[in-house]
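Visitor: Right, I'll just put the structure down here and ask away after.
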Amino acid sequence: MLATPTTTQRPIARSHAKPGGLTPEQIAQFRAGGYVVIDGLLDPENDIDPIIAEYAGVLDRLAQELFDAGQISSTYDDLPFSERLTKVYGESGKVHSQYFDFSLPQAGVTHETPLWTGPAVFSALRHPGILDAIQSLIGPEIYANPVQHVRMKPPEHLTPKDATTGLPQLGASPWHQDSGVVTEDADETEIVTVWFPLTDATVENGCLAVVPRHDEDGLLTHCPSGLGLHIPEDLFHTEEEIPLPMPRGSVLFMHRLTPHRSFSNTSDHVRWSFDLRYNPIGQPTGRAAFPGFIARSRRLPATELHDPAEWNRRWLETRAILAESENPRFNRWDGDSPVCA
Ligand SMILES: O=C(O)CCC(=O)C(=O)O
Ligand SMILES: [Fe+2]
């Protein structure tokens with residue numbers, strides 16, 4: 001049925017949430033394989049539904065703007081979120097991912113670049129269960145790293161194509177390590193990626209897959225391509241791939257050097273996820289131009305950011321600065337390595 005398990009595959013590191021952070025076994029699994037899935041860490045109704053409700057308002061505004069601009073023939077307000085998003089993207093011929101994202105693009109930022117840094121998103125970044133788990137991995141001085149995204153991946157067969165490449169404007173994510181997509185000043189920063197679905201993620205709709213990290217593995221060469229940065233498959237153990245279907249409420253914690261990808265969405269519904277990152281306070285984030293915040297500090301609790309309006313303000317200020325200046329370099333890879341040929 002799904003990706004075939006192979007004899008080399010290690011057992012999947014996955015277990016249920018316990019109050020107060022990760023268990024010693026869960027921590028050991030993260031250290032051994034570079035990832036751990038914690039089921040039931042989020043409460044779908046209390047933690048996830050408010051985010052979905054907030055984004056319904058964002059989609060409302062996008063639909064209205066596109067309708068006013070004559071790019072769609074209806075605002076489709078009576079459709080459920082997934083169908084509405086897919087319809088709006090399809091009819092306008094564009095995947096408007098930046099409209100929903102809580103980060104900025106790596107080039108071409110203007111004063112009008114859309115983004116969504118709303119209060120429900122901020123609450124997710126400060127979720128106590130997530131921060132407890134992060135504390136188990138990196139200690140209690142926790143910085144919310146600004147490398148963070150919402151990903152709403154529409155059904156591939158309904159996704160507008162890129163005019164030059166003919167590829168879906170948003171589809172599978174190619175193999176990469178998260179260290180590979182930040183600048184090299186953050187190579188020693190203990191960044192932990194947190195990935196969770198807002199709608200059940202399945203192999204069919206494009207969930208994540210990881211290759212458990214081997215201790216000796218460092219940063220692999222990433223090659224630029226039409227799909228983004230990717231690691232050539234002969235550089236690592238792709239035969240050890242573990243698909244990670246995850247229901248709402250489950251949360252994946254991943255080491256910055258763990259190779260991972262996501263599948264195409266071959267279903268009829270949007271695959272919707274958040275990916276967040278945290279690192280110890282004071283270490284380089286790998287995107288120095290973007291604003292993070294202190295999510296937890298047991299040493300200096302007064303430095304924690306609890307105000308969603310201030311978080312939003314920092315992003316808008318960053319947008320204004322980037323719109324007026326030369327864009328910084330976000331990547332180290334030029335594709336000149338022989339393995340990219
Ligand atoms: O959700 C995806 O498709 C890719 C996510 C990813 O690479 C990440 O969260 O680091
Ligand atoms: Fe990633």
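Simple scheme: letters A, B, ... for chains in structure tokens order, numbers from 1 for residues in each chain, numbers from 1 for ligands in the order shown.
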Residues of segment 10-157 of chain A classed as alpha helix (DSSP H) by DSSP on the backbone are to be reported as a ChimeraX atom specification.

Guide: /A:24-33,49-68,81-92,97-100,119-125,128-138

Visitor: Write out as a compact mmCIF listing (two decimals) with all heavy atoms, in the first residue's frame which residues come within 6 Å of Arg248 of chain A when counting only C-alpha atoms, dropping same-chain ones fewer than 5 positions away.

Guide:
```
# COMPACT_ATOMS: atom_id res chain seq x y z
N PRO A 197 0.09 18.88 11.82
CA PRO A 197 -0.98 19.10 10.85
C PRO A 197 -2.20 19.77 11.48
O PRO A 197 -2.50 19.53 12.65
CB PRO A 197 -1.33 17.67 10.40
CG PRO A 197 -1.07 16.83 11.62
CD PRO A 197 0.07 17.51 12.37
N LEU A 198 -2.88 20.59 10.72
CA LEU A 198 -4.16 21.17 11.18
C LEU A 198 -5.34 20.35 10.66
O LEU A 198 -6.44 20.45 11.17
CB LEU A 198 -4.27 22.63 10.73
CG LEU A 198 -3.33 23.55 11.50
CD1 LEU A 198 -2.00 23.70 10.79
CD2 LEU A 198 -3.95 24.91 11.74
N THR A 199 -5.07 19.58 9.59
CA THR A 199 -6.02 18.56 9.13
C THR A 199 -5.20 17.28 9.08
O THR A 199 -3.99 17.34 8.84
CB THR A 199 -6.55 18.90 7.73
OG1 THR A 199 -5.43 19.13 6.85
CG2 THR A 199 -7.41 20.15 7.74
N ASP A 200 -5.84 16.14 9.29
CA ASP A 200 -5.08 14.88 9.34
C ASP A 200 -4.15 14.78 8.12
O ASP A 200 -4.58 14.98 6.99
CB ASP A 200 -6.04 13.68 9.32
CG ASP A 200 -6.89 13.61 10.59
OD1 ASP A 200 -6.61 14.36 11.55
OD2 ASP A 200 -7.83 12.79 10.61
```

Visitor: Return as a ChimeraX atom specification every polymer residue, whether protein, DNA or RNA, with at least one atom no more than 6 Å from an atom of ligand 1; count only C-alpha atoms and all ligand atoms.

Guide: /A:173,178,195,261-262,275

Visitor: Which one is closest to Trp272 of chain A: A:Gln135, A:Thr164, A:Asn205, A:Thr183? Count only C-alpha atoms.

Guide: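 Once distances to Trp272 of chain A are computed over only C-alpha atoms, the minimum belongs to A:Asn205.
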
Visitor: For ligand 2, list the contacting residues at 8 Å or closer, counting only C-alpha atoms and all ligand atoms, as an MDAnalysis selection string.

Guide: chainID A and resid 176:178 181 193 260:261

Visitor: Once DSSP has gone over the backbone, tell me which residues of segment 208-312 of chain A are in strand (DSSP E), as a PyMOL selection string.

Guide: chain A and resi 208-210+242-244+251-255+260-262+271-280+293-297

Visitor: Dump as CSV the rows for residues of segment 226-310 of chain A within 12 Å of segment 70-87 of chain A: closest atom pair and distance in Å with one decimal, only C-alpha atoms counted, ordered by chain and rising residue number.

Guide:
```
residue,atom,partner,partner_atom,distance
A:Ser267,CA,A:Ser82,CA,11.5
A:Asp268,CA,A:Glu83,CA,8.6
A:His269,CA,A:Ser82,CA,6.0
A:Val270,CA,A:Ser82,CA,5.4
A:Arg271,CA,A:Ser82,CA,8.6
A:Trp272,CA,A:Ser82,CA,9.1
```

Visitor: Can you tell me which residues surround His237 of chain A at a distance of at most 10 Å, considering only C-alpha atoms, apart from same-chain residues fewer than 6 positions away, and format the answer as an MDAnalysis selection string?

Guide: chainID A and resid 8 211:214 259

Visitor: May I have the residues from that selection written out with all heavy atoms, as a compact mmCIF listing (two decimals), in the first residue's frame?

Guide:
```txt
# COMPACT_ATOMS: atom_id res chain seq x y z
N THR A 8 16.04 -2.55 6.52
CA THR A 8 16.96 -1.66 7.24
C THR A 8 16.19 -0.67 8.12
O THR A 8 16.79 0.05 8.90
CB THR A 8 17.81 -0.85 6.26
OG1 THR A 8 16.95 -0.23 5.32
CG2 THR A 8 18.81 -1.71 5.55
N VAL A 211 14.22 10.34 7.03
CA VAL A 211 15.23 9.29 7.11
C VAL A 211 15.91 9.49 8.45
O VAL A 211 16.47 10.57 8.69
CB VAL A 211 16.24 9.38 5.96
CG1 VAL A 211 17.48 8.55 6.24
CG2 VAL A 211 15.60 8.93 4.65
N PRO A 212 15.81 8.49 9.36
CA PRO A 212 16.41 8.70 10.68
C PRO A 212 17.87 9.13 10.54
O PRO A 212 18.59 8.65 9.68
CB PRO A 212 16.30 7.33 11.34
CG PRO A 212 15.15 6.68 10.65
CD PRO A 212 15.19 7.17 9.23
N ARG A 213 18.22 10.05 11.39
CA ARG A 213 19.55 10.63 11.31
C ARG A 213 20.56 9.65 11.90
O ARG A 213 20.30 9.00 12.89
CB ARG A 213 19.54 11.93 12.10
CG ARG A 213 20.86 12.56 12.25
CD ARG A 213 20.75 13.93 12.86
NE ARG A 213 22.10 14.37 13.09
CZ ARG A 213 22.68 14.37 14.29
NH1 ARG A 213 22.00 14.01 15.35
NH2 ARG A 213 23.93 14.75 14.42
N HIS A 214 21.71 9.56 11.25
CA HIS A 214 22.82 8.78 11.80
C HIS A 214 23.76 9.77 12.46
O HIS A 214 24.00 10.84 11.91
CB HIS A 214 23.55 8.04 10.68
CG HIS A 214 22.69 6.99 10.01
ND1 HIS A 214 22.98 5.66 10.09
CD2 HIS A 214 21.57 7.10 9.28
CE1 HIS A 214 22.05 4.98 9.43
NE2 HIS A 214 21.19 5.83 8.92
N PRO A 259 17.26 14.30 7.43
CA PRO A 259 16.72 14.48 6.08
C PRO A 259 15.21 14.19 6.07
O PRO A 259 14.76 13.23 6.69
CB PRO A 259 17.47 13.43 5.24
CG PRO A 259 18.68 13.07 6.04
CD PRO A 259 18.26 13.22 7.48
```

Visitor: For Tyr143 of chain A, find every residue with an atom within 7 Å (counting only C-alpha atoms), except residues of its own chain fewer than 3 positions away, and show them as a list in words.

Guide: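 Counting only C-alpha atoms, the residues come to Tyr278, Asn279, Pro280, Ile281, Gly292, Phe293, Ile294 and Ala295 of chain A.
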
Visitor: Take the residues just selected and output them with N, CA and C atoms as a short mmCIF file (atom, residue, chain, number, x, y, z; two decimals), in the first residue's frame.

Guide:
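Contents of selection03.cif, as written:
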```cif
data_model
loop_
_atom_site.label_atom_id
_atom_site.label_comp_id
_atom_site.auth_asym_id
_atom_site.auth_seq_id
_atom_site.Cartn_x
_atom_site.Cartn_y
_atom_site.Cartn_z
N TYR A 278 12.59 26.30 17.11
CA TYR A 278 13.04 26.91 18.37
C TYR A 278 14.53 26.64 18.52
N ASN A 279 15.20 27.56 19.20
CA ASN A 279 16.61 27.33 19.52
C ASN A 279 16.93 28.01 20.86
N PRO A 280 18.05 27.62 21.46
CA PRO A 280 18.41 28.27 22.73
C PRO A 280 18.62 29.77 22.52
N ILE A 281 18.16 30.56 23.46
CA ILE A 281 18.29 32.02 23.37
C ILE A 281 19.76 32.39 23.17
N GLY A 292 12.55 36.98 15.69
CA GLY A 292 12.04 35.92 16.55
C GLY A 292 11.60 36.53 17.86
N PHE A 293 11.43 35.70 18.88
CA PHE A 293 11.12 36.26 20.20
C PHE A 293 11.43 35.23 21.28
N ILE A 294 11.58 35.71 22.48
CA ILE A 294 11.84 34.82 23.61
C ILE A 294 10.51 34.20 24.03
N ALA A 295 10.39 32.90 23.83
CA ALA A 295 9.13 32.21 24.13
C ALA A 295 9.09 31.77 25.59
#
```

Visitor: So which residues touch Val150 of chain A within 7 Å, counting only C-alpha atoms, skipping near sequence neighbours fewer than 4 positions away, as a ChimeraX atom specification?

Guide: /A:100-102,273-275

Visitor: Write out, as a PDB file, in the first residue's frame, the residues just selected, with all heavy atoms.

Guide:
```
ATOM      1  N   PHE A 100      -0.985  33.806   3.459  1.00  0.00           N
ATOM      2  CA  PHE A 100      -1.308  33.135   4.726  1.00  0.00           C
ATOM      3  C   PHE A 100      -0.084  32.937   5.617  1.00  0.00           C
ATOM      4  O   PHE A 100      -0.216  32.601   6.781  1.00  0.00           O
ATOM      5  CB  PHE A 100      -1.910  31.757   4.427  1.00  0.00           C
ATOM      6  CG  PHE A 100      -3.178  31.823   3.638  1.00  0.00           C
ATOM      7  CD1 PHE A 100      -3.169  31.767   2.255  1.00  0.00           C
ATOM      8  CD2 PHE A 100      -4.396  31.965   4.294  1.00  0.00           C
ATOM      9  CE1 PHE A 100      -4.350  31.838   1.529  1.00  0.00           C
ATOM     10  CE2 PHE A 100      -5.579  32.035   3.575  1.00  0.00           C
ATOM     11  CZ  PHE A 100      -5.556  31.974   2.192  1.00  0.00           C
ATOM     12  N   ASP A 101       1.089  33.099   5.037  1.00  0.00           N
ATOM     13  CA  ASP A 101       2.280  32.692   5.778  1.00  0.00           C
ATOM     14  C   ASP A 101       2.629  33.683   6.886  1.00  0.00           C
ATOM     15  O   ASP A 101       2.362  34.882   6.767  1.00  0.00           O
ATOM     16  CB  ASP A 101       3.470  32.524   4.825  1.00  0.00           C
ATOM     17  CG  ASP A 101       4.450  31.481   5.340  1.00  0.00           C
ATOM     18  OD1 ASP A 101       4.179  30.850   6.379  1.00  0.00           O
ATOM     19  OD2 ASP A 101       5.506  31.290   4.700  1.00  0.00           O
ATOM     20  N   PHE A 102       3.264  33.150   7.952  1.00  0.00           N
ATOM     21  CA  PHE A 102       3.695  34.021   9.044  1.00  0.00           C
ATOM     22  C   PHE A 102       5.197  34.178   9.008  1.00  0.00           C
ATOM     23  O   PHE A 102       5.912  34.032   9.991  1.00  0.00           O
ATOM     24  CB  PHE A 102       3.169  33.558  10.406  1.00  0.00           C
ATOM     25  CG  PHE A 102       3.225  32.080  10.688  1.00  0.00           C
ATOM     26  CD1 PHE A 102       4.252  31.543  11.426  1.00  0.00           C
ATOM     27  CD2 PHE A 102       2.231  31.228  10.229  1.00  0.00           C
ATOM     28  CE1 PHE A 102       4.302  30.181  11.713  1.00  0.00           C
ATOM     29  CE2 PHE A 102       2.254  29.865  10.515  1.00  0.00           C
ATOM     30  CZ  PHE A 102       3.300  29.340  11.251  1.00  0.00           C
ATOM     31  N   SER A 273      -0.493  22.344   7.287  1.00  0.00           N
ATOM     32  CA  SER A 273       0.413  22.133   8.429  1.00  0.00           C
ATOM     33  C   SER A 273       1.067  23.439   8.863  1.00  0.00           C
ATOM     34  O   SER A 273       1.090  24.421   8.124  1.00  0.00           O
ATOM     35  CB  SER A 273       1.504  21.130   8.057  1.00  0.00           C
ATOM     36  OG  SER A 273       2.299  21.668   7.015  1.00  0.00           O
ATOM     37  N   PHE A 274       1.600  23.407  10.062  1.00  0.00           N
ATOM     38  CA  PHE A 274       2.462  24.469  10.596  1.00  0.00           C
ATOM     39  C   PHE A 274       3.852  23.865  10.793  1.00  0.00           C
ATOM     40  O   PHE A 274       3.961  22.723  11.264  1.00  0.00           O
ATOM     41  CB  PHE A 274       1.986  24.905  11.992  1.00  0.00           C
ATOM     42  CG  PHE A 274       1.061  26.094  12.011  1.00  0.00           C
ATOM     43  CD1 PHE A 274       0.298  26.456  10.911  1.00  0.00           C
ATOM     44  CD2 PHE A 274       0.945  26.855  13.176  1.00  0.00           C
ATOM     45  CE1 PHE A 274      -0.561  27.556  10.963  1.00  0.00           C
ATOM     46  CE2 PHE A 274       0.084  27.956  13.240  1.00  0.00           C
ATOM     47  CZ  PHE A 274      -0.659  28.308  12.136  1.00  0.00           C
ATOM     48  N   ASP A 275       4.890  24.609  10.451  1.00  0.00           N
ATOM     49  CA  ASP A 275       6.209  24.219  10.946  1.00  0.00           C
ATOM     50  C   ASP A 275       6.861  25.398  11.641  1.00  0.00           C
ATOM     51  O   ASP A 275       6.924  26.505  11.135  1.00  0.00           O
ATOM     52  CB  ASP A 275       7.111  23.595   9.878  1.00  0.00           C
ATOM     53  CG  ASP A 275       7.164  24.344   8.568  1.00  0.00           C
ATOM     54  OD1 ASP A 275       6.295  24.123   7.703  1.00  0.00           O
ATOM     55  OD2 ASP A 275       8.095  25.154   8.407  1.00  0.00           O
TER      56      ASP A 275
END
```

Visitor: Could you check how far atom CA of Asp47 of chain A sits from atom CA of Ala124 of chain A, in Å to one decimal?

Guide: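 Going from atom CA of Asp47 of chain A over to atom CA of Ala124 of chain A, I get 7.3 Å.
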
Visitor: Nearest to Glu156 of chain A among A:Gly139, A:Pro168, A:Gly93, A:Pro50, with distances taken over only C-alpha atoms: which residue is it?

Guide: A:Pro168

Visitor: Do a neighbour search on segment 304-311 of chain A at 9 Å with only C-alpha atoms, toss out local chain neighbours closer than 5 positions, and write the hits as a PDB file with N, CA and C atoms, in the first residue's frame.

Guide:
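The resulting result_11.pdb:
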```pdb
ATOM      1  N   THR A 117       0.299  37.361  10.605  1.00  0.00           N
ATOM      2  CA  THR A 117       0.895  37.122  11.914  1.00  0.00           C
ATOM      3  C   THR A 117      -0.176  37.437  12.962  1.00  0.00           C
ATOM      4  N   GLY A 118      -1.201  36.596  12.976  1.00  0.00           N
ATOM      5  CA  GLY A 118      -2.351  36.837  13.849  1.00  0.00           C
ATOM      6  C   GLY A 118      -2.210  36.197  15.221  1.00  0.00           C
ATOM      7  N   PRO A 119      -3.132  36.561  16.134  1.00  0.00           N
ATOM      8  CA  PRO A 119      -3.051  36.091  17.518  1.00  0.00           C
ATOM      9  C   PRO A 119      -3.149  34.568  17.688  1.00  0.00           C
ATOM     10  N   ALA A 120      -3.951  33.890  16.856  1.00  0.00           N
ATOM     11  CA  ALA A 120      -4.051  32.432  17.025  1.00  0.00           C
ATOM     12  C   ALA A 120      -2.742  31.752  16.623  1.00  0.00           C
ATOM     13  N   VAL A 121      -2.057  32.334  15.638  1.00  0.00           N
ATOM     14  CA  VAL A 121      -0.750  31.793  15.240  1.00  0.00           C
ATOM     15  C   VAL A 121       0.247  31.997  16.386  1.00  0.00           C
ATOM     16  N   PHE A 122       0.212  33.201  16.967  1.00  0.00           N
ATOM     17  CA  PHE A 122       1.118  33.495  18.083  1.00  0.00           C
ATOM     18  C   PHE A 122       0.865  32.531  19.251  1.00  0.00           C
ATOM     19  N   SER A 123      -0.410  32.240  19.522  1.00  0.00           N
ATOM     20  CA  SER A 123      -0.725  31.279  20.595  1.00  0.00           C
ATOM     21  C   SER A 123      -0.122  29.911  20.303  1.00  0.00           C
ATOM     22  N   ARG A 126       3.423  29.791  21.199  1.00  0.00           N
ATOM     23  CA  ARG A 126       3.657  29.815  22.646  1.00  0.00           C
ATOM     24  C   ARG A 126       2.988  28.635  23.354  1.00  0.00           C
ATOM     25  N   PRO A 291      12.523  38.575  12.527  1.00  0.00           N
ATOM     26  CA  PRO A 291      12.381  38.688  13.983  1.00  0.00           C
ATOM     27  C   PRO A 291      11.870  37.405  14.651  1.00  0.00           C
ATOM     28  N   GLY A 292      12.551  36.981  15.693  1.00  0.00           N
ATOM     29  CA  GLY A 292      12.037  35.920  16.546  1.00  0.00           C
ATOM     30  C   GLY A 292      11.605  36.532  17.860  1.00  0.00           C
ATOM     31  N   PHE A 293      11.433  35.696  18.876  1.00  0.00           N
ATOM     32  CA  PHE A 293      11.116  36.255  20.198  1.00  0.00           C
ATOM     33  C   PHE A 293      11.431  35.226  21.275  1.00  0.00           C
ATOM     34  N   ILE A 294      11.584  35.713  22.483  1.00  0.00           N
ATOM     35  CA  ILE A 294      11.838  34.821  23.609  1.00  0.00           C
ATOM     36  C   ILE A 294      10.508  34.198  24.032  1.00  0.00           C
ATOM     37  N   ALA A 295      10.389  32.896  23.830  1.00  0.00           N
ATOM     38  CA  ALA A 295       9.133  32.207  24.131  1.00  0.00           C
ATOM     39  C   ALA A 295       9.092  31.772  25.590  1.00  0.00           C
ATOM     40  N   ARG A 296      10.271  31.422  26.126  1.00  0.00           N
ATOM     41  CA  ARG A 296      10.311  31.011  27.530  1.00  0.00           C
ATOM     42  C   ARG A 296      11.704  31.300  28.072  1.00  0.00           C
ATOM     43  N   SER A 297      11.749  31.898  29.245  1.00  0.00           N
ATOM     44  CA  SER A 297      13.025  32.056  29.929  1.00  0.00           C
ATOM     45  C   SER A 297      12.799  31.876  31.417  1.00  0.00           C
ATOM     46  N   LEU A 316       5.886  43.441  10.784  1.00  0.00           N
ATOM     47  CA  LEU A 316       5.567  44.544   9.876  1.00  0.00           C
ATOM     48  C   LEU A 316       6.746  45.512   9.779  1.00  0.00           C
TER      49      LEU A 316
END
```

Visitor: Of the residues A:Arg31, A:Ala63, A:Leu131, A:Leu104, which is the one nearest to Pro19 of chain A, using only C-alpha atoms?

Guide: A:Leu131

Visitor: Just checking: using only C-alpha atoms, which residue out of A:Asp43, A:Asp217, A:Glu184, A:Asp68 ends up closest to Pro284 of chain A?

Guide: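 Nearest to Pro284 of chain A: A:Glu184.
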
Visitor: Within 12 Å of Gly20 of chain A, counting only C-alpha atoms, which residues qualify if same-chain residues fewer than 3 places away don't, as a ChimeraX atom specification?

Guide: /A:17,23-24,41,128-136

Visitor: Pick from A:Gly180, A:Pro232, A:Gly218, A:Gly249: nearest to Glu45 of chain A, with only C-alpha atoms counted?

Guide: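 Ranked by minimum distance to Glu45 of chain A, first place goes to A:Gly249.
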
Visitor: I'd like to know which of A:Gly108, A:Pro44, A:Gly34, A:Pro160 is closest to Gly90 of chain A, using only C-alpha atoms.

Guide: A:Pro160
